[in-house]
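Student: Have a look at this one before I ask anything.
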Amino acid sequence: MSTAPAIREDAFRRRAWPRVAAVALFVYVVYACAQLDVSWERVHAGLDNAARFFSRLFPPNFTRSDLLIKGLTESLEIAVLASTLGIGLALPIGLAAARNLMPAWISWPARFVIVAARSLHPVIVAIIFVKAVGFGALAGILALTVASIGFIGKLFTEAIEEISDKQVEAIRATGAPFPSVLAYGVLPQVFSRFIGFATYQLDSNLRNSTMVGIVGAGGIGGTLFAAFQRFDYDYVCAILISIIALIMIGELFATAIRAIFIENATFADLFRRGEAMRHVRHSEDD
Amino acid sequence: MAAPFASATPSHERIWQRFTRAQRLTRFAVYLAVVAAIVLAAQTVEIIPEFLADAPEQMADLVARMWPIDFAHYPDAIHAALMETIHIATLGTLLALVLALPVGVLAANSLVPSMAINVLAKLILVSSRSVNSLVWALLFVGIFGPGALAGTLAIAFRSIGFVGKLFGEALDEAQRGPIEALTAAGAPWMSRLTFGYWPQVRPAFWSIALFRWDINVRESAVLGLVGAGGIGMVLDSALNLFQWTRVAMVLLAIFVVVIAAEIVVTQVRRRVI
């Protein structure tokens, strides 16, 4: 009776719903392309343009390097100051938003601040600050500070909410006041993740600080956009190469700082084990 | 009793320290460099103090000019642009998925055991990521002219690096067992991919796709500032004409769409993945 082999379900059985979804997706793509006026003719016409466009991009023109360096320096300053301010403000806000440490009447307003800071793109926030504080680096710093509060605040809150209660309870049991609970029970548990967010945010701010200039908030972006509008494409190319170089150097620094603080590397290690550095994982978000 | 004991064996007395001297020096150097960078940046950055002092007043003025929000403008101009933004984000994400899958496969050493091809694929992914989507948009506006096509391609090209990198990592982290079983059974390369890897990385793939779509909805809202279509173009023209009530309406619309996209992503992730 029980010797009959059990009928197993075929693990790779073809199901109906992926096909339905694929058809629906295809219909959507056709509809959306029609809505956006995306057609093969336009792409084809663009390809001819592309050849002309790229021939005008090269060779890059580095003759106005003083303006270029000034813009890049300002971008770097914006990134450093916005990260400092943003991280400084995000820590208390993120702590206040952690539901395992704070009562609801503190955590909900703090969470709202974080969601609001995250919802708009930094360039749009920069538009508002350009109106409030005028053209220049200050608007860029404030815009990226808001973006940093949103990003670091969210991740820091999540990190605190995921900590182990045991250490917190142990410190509390000794009769320690709240600041000591934070310093010895909470912060050691989230420090390495915090270094990860902070270096990531510096990296992200550096990327965005080269863009906020498009709306007049300082940095190289203004020079880039002006050159683009004047069809000064060889200078555009020089600016783009410099921006990419700056971002890549920034990424190297961020990786080095993560290795030093998370893997306890020394300078000697950094130079010695280039291979090991590649294993330092970093999260990616915009 | 204890004191003479300790002094009798001074060589065994150890001070416990968490880090070696080199580690402490390295950390100290980083702290020093960070402080120096902050001080240097704060000293040299050009900030006009009058503008800073004026900020609260200007902010109040801005809010006053934005009120009342011009809701009447929504049906005749903003709605179409908003839909265009969502189409740009969705089509751009789909195109990026199609383009990033092969590159991600080529970047995974366990699937394509050729260092040269891996490095080339990784180079494509890195260059895609290191160019901001606004810069991609500028380039595509230069090639295809202003409009949604440039925006869609900008979103797609920026997303290739992101999706490809995360997908390649998911492939490299897949468990070897099922793949080795398939290889031992003589399965061809394609079958190993579809029956060995794909079931393992499918949840990661969909969650990367959703994550990127959420980011792209935010990003596509600003592409219009450089002429690449969507609601950014409406925002740009309202800003240039100082129609602050319309600016407020556009900002509100973007805010609502971004929050809605985040809710959709959270719900889909909870139910499907």
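Numbering starts fresh at 1 for the residues of each chain in the structure tokens, the chains themselves are lettered A, B, ... in the order given, and ligands are numbered from 1 as they appear.
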Write out, as a tab-separated table, each residue of chain A that has an atom at most 7 Å from chain B, together with the closest pair of atoms and their distance in Å to one decimal, counting only C-alpha atoms, rows going by chain and rising number.

Tutor:
```
residue	atom	partner	partner_atom	distance
A:Val29	CA	B:Leu91	CA	6.8
A:Ala32	CA	B:His87	CA	6.0
A:Leu36	CA	B:Ala148	CA	5.8
A:Val38	CA	B:Leu149	CA	5.8
A:Gly46	CA	B:Phe144	CA	4.7
A:Asn49	CA	B:Ile143	CA	5.5
A:Ala50	CA	B:Ile143	CA	5.1
A:Phe53	CA	B:Ile143	CA	6.4
A:Glu74	CA	B:Val45	CA	6.7
A:Glu77	CA	B:Ala41	CA	4.8
A:Val80	CA	B:Ile38	CA	6.2
A:Leu81	CA	B:Ile38	CA	6.3
A:Ser119	CA	B:Phe255	CA	6.3
A:Leu120	CA	B:Phe255	CA	6.6
A:His121	CA	B:Arg218	CA	6.2
A:Ile124	CA	B:Val222	CA	6.9
A:Ala132	CA	B:Gln58	CA	5.0
A:Val133	CA	B:Ala55	CA	5.1
A:Gly134	CA	B:Phe51	CA	6.4
A:Ala137	CA	B:Glu46	CA	6.6
A:Leu138	CA	B:Ile47	CA	5.9
A:Ile244	CA	B:Ser130	CA	6.2
A:Ile260	CA	B:Arg27	CA	6.8
A:Asn264	CA	B:Gln23	CA	6.4
A:Ala265	CA	B:Gln23	CA	6.5
A:Thr266	CA	B:Gln23	CA	5.1
A:Phe267	CA	B:Thr26	CA	6.1
A:Asp286	CA	B:Ile215	CA	7.0
```

Student: Considering only C-alpha atoms, return as a PyMOL selection string whatever protein or nucleic-acid residues lie within 9 Å of Val190 of chain A, sequence-local ones (same chain, fewer than 6 positions apart) excluded.

Tutor: chain A and resi 156+159-160+163

Student: From the list B:Ala204, B:Ile231, B:Leu99, B:Ile263, which residue is nearest His79 of chain B when using only C-alpha atoms?

Tutor: B:Ile231

Student: I'd like to know which residues of segment 23-154 of chain B are helix (DSSP H, G or I) (by DSSP, run on the backbone); could you write them as a PyMOL selection string?

Tutor: chain B and resi 23-44+49-66+73-107+115-130+133-144+148-154

Student: Might you pull out every residue within 8 Å of Val215 of chain A, with only C-alpha atoms counted and same-chain residues fewer than 5 positions away left off, and present them as a ChimeraX atom specification?

Tutor: /A:123,126-127,130,222

Student: Mind checking which residues fall within 8 Å of segment 251-259 of chain A, counting only C-alpha atoms, ignoring those fewer than 3 positions away in the same chain, and posting them as a short mmCIF file (atom, residue, chain, number, x, y, z; two decimals) with N, CA and C atoms, in the first residue's frame?

Tutor:
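Writing done, so here's part-v6.cif:
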```cif
data_model
loop_
_atom_site.label_atom_id
_atom_site.label_comp_id
_atom_site.auth_asym_id
_atom_site.auth_seq_id
_atom_site.Cartn_x
_atom_site.Cartn_y
_atom_site.Cartn_z
N ILE A 195 30.66 53.61 10.25
CA ILE A 195 31.78 53.99 9.38
C ILE A 195 31.43 53.69 7.93
N GLY A 196 30.77 52.56 7.71
CA GLY A 196 30.34 52.22 6.37
C GLY A 196 29.40 53.27 5.79
N THR A 199 31.34 56.79 5.20
CA THR A 199 32.21 56.88 4.03
C THR A 199 31.37 56.80 2.76
N TYR A 200 30.31 55.98 2.80
CA TYR A 200 29.46 55.92 1.62
C TYR A 200 28.83 57.28 1.34
N LEU A 202 29.94 60.24 2.18
CA LEU A 202 30.95 61.17 1.68
C LEU A 202 31.11 60.98 0.18
N ASP A 203 31.17 59.72 -0.23
CA ASP A 203 31.28 59.37 -1.63
C ASP A 203 30.09 59.91 -2.42
N ILE A 247 35.93 61.52 -8.47
CA ILE A 247 35.04 60.55 -7.82
C ILE A 247 35.78 59.25 -7.56
N MET A 248 36.62 58.84 -8.51
CA MET A 248 37.34 57.58 -8.31
C MET A 248 38.36 57.69 -7.19
N ILE A 262 37.15 49.16 9.87
CA ILE A 262 36.35 47.95 10.00
C ILE A 262 37.25 46.72 10.09
N GLU A 263 38.31 46.69 9.28
CA GLU A 263 39.19 45.52 9.30
C GLU A 263 40.47 45.77 10.07
N ASN A 264 40.57 46.92 10.76
CA ASN A 264 41.73 47.27 11.56
C ASN A 264 43.02 47.23 10.76
N ALA A 265 42.95 47.67 9.51
CA ALA A 265 44.14 47.67 8.68
C ALA A 265 45.04 48.84 9.08
N LEU A 270 47.49 48.55 3.85
CA LEU A 270 46.79 49.09 2.70
C LEU A 270 47.65 48.98 1.45
N MET A 277 41.95 44.33 -0.17
CA MET A 277 41.10 45.53 -0.18
C MET A 277 39.86 45.32 -1.02
N VAL A 280 36.58 44.26 0.60
CA VAL A 280 35.82 45.13 1.49
C VAL A 280 34.54 45.51 0.76
N VAL B 30 44.00 59.14 10.28
CA VAL B 30 42.73 59.37 9.58
C VAL B 30 41.93 60.46 10.29
#
```

Student: In Å, rounded to a single decimal, give me how far atom CA of Phe157 of chain B is from atom CA of Val201 of chain B.

Tutor: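 Atom CA of Phe157 of chain B lies 22.4 Å from atom CA of Val201 of chain B.
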
Student: Identify which of the residues B:Ser237, B:Thr93, B:Thr266, B:Gln17 lies closest to Ala209 of chain B, counting only C-alpha atoms when measuring atom-to-atom distances.

Tutor: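 The answer is B:Thr93, which sits nearest to Ala209 of chain B.
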
Student: Just want the 10 Å neighbourhood of Leu120 of chain B, counted on only C-alpha atoms, with same-chain residues fewer than 5 positions away dropped. Output as a PyMOL selection string.

Tutor: chain B and resi 103+106-107+115+125-126

Student: Pick out the closest residue to Ala238 of chain B from this set: B:His73, B:Arg270, B:Arg176, B:Lys122. Count only C-alpha atoms.

Tutor: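 Result for the nearest residue to Ala238 of chain B: B:His73.
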
Student: Atom CA of Gln267 of chain B and atom CA of Ala24 of chain A, how far apart in Å?

Tutor: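 Interatomic distance, atom CA of Ala24 of chain A to atom CA of Gln267 of chain B: 19.9 Å.
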
Student: Ranking A:Val146, A:Ala16, A:Val236, A:Ala21 by minimum distance to Gly88 of chain A and counting only C-alpha atoms, which one comes first?

Tutor: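 Smallest separation from Gly88 of chain A among the options: A:Val146.
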
Student: Closest to Gly196 of chain B among B:Leu123, B:Ala81, B:Ile69, B:Leu111, using only C-alpha atoms?

Tutor: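 When distances to Gly196 of chain B are compared using only C-alpha atoms, the smallest one comes from B:Leu111.
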
Student: Can you tell me which residues surround Ala198 of chain A at a distance of at most 10 Å, considering only C-alpha atoms, apart from same-chain residues fewer than 5 positions away, and format the answer as number ranges by chain?

Tutor: A: 83-84, 86-87, 148, 151-152, 156, 192-193, 203-204, 254, 258

Student: Write out as a VMD selection string each polymer residue whose atoms come within 8 Å of segment 101-116 of chain A, counting only C-alpha atoms; drop sequence neighbours fewer than 6 positions from it.

Tutor: chain A and resid 93 to 95 149 to 151 153 to 154

Student: Could you tell me how far atom CA of Ala79 of chain A lies from atom CA of Asp214 of chain B, in Å and to one decimal?

Tutor: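 Atom CA of Asp214 of chain B lies at a distance of 24.3 Å from atom CA of Ala79 of chain A.
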
Student: From the options A:Pro92, A:Pro60, A:Gly140, A:Pro18, which residue's atoms come nearest to Gly219 of chain A, counting only C-alpha atoms?

Tutor: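 Among the listed residues, the smallest separation from Gly219 of chain A belongs to A:Gly140.
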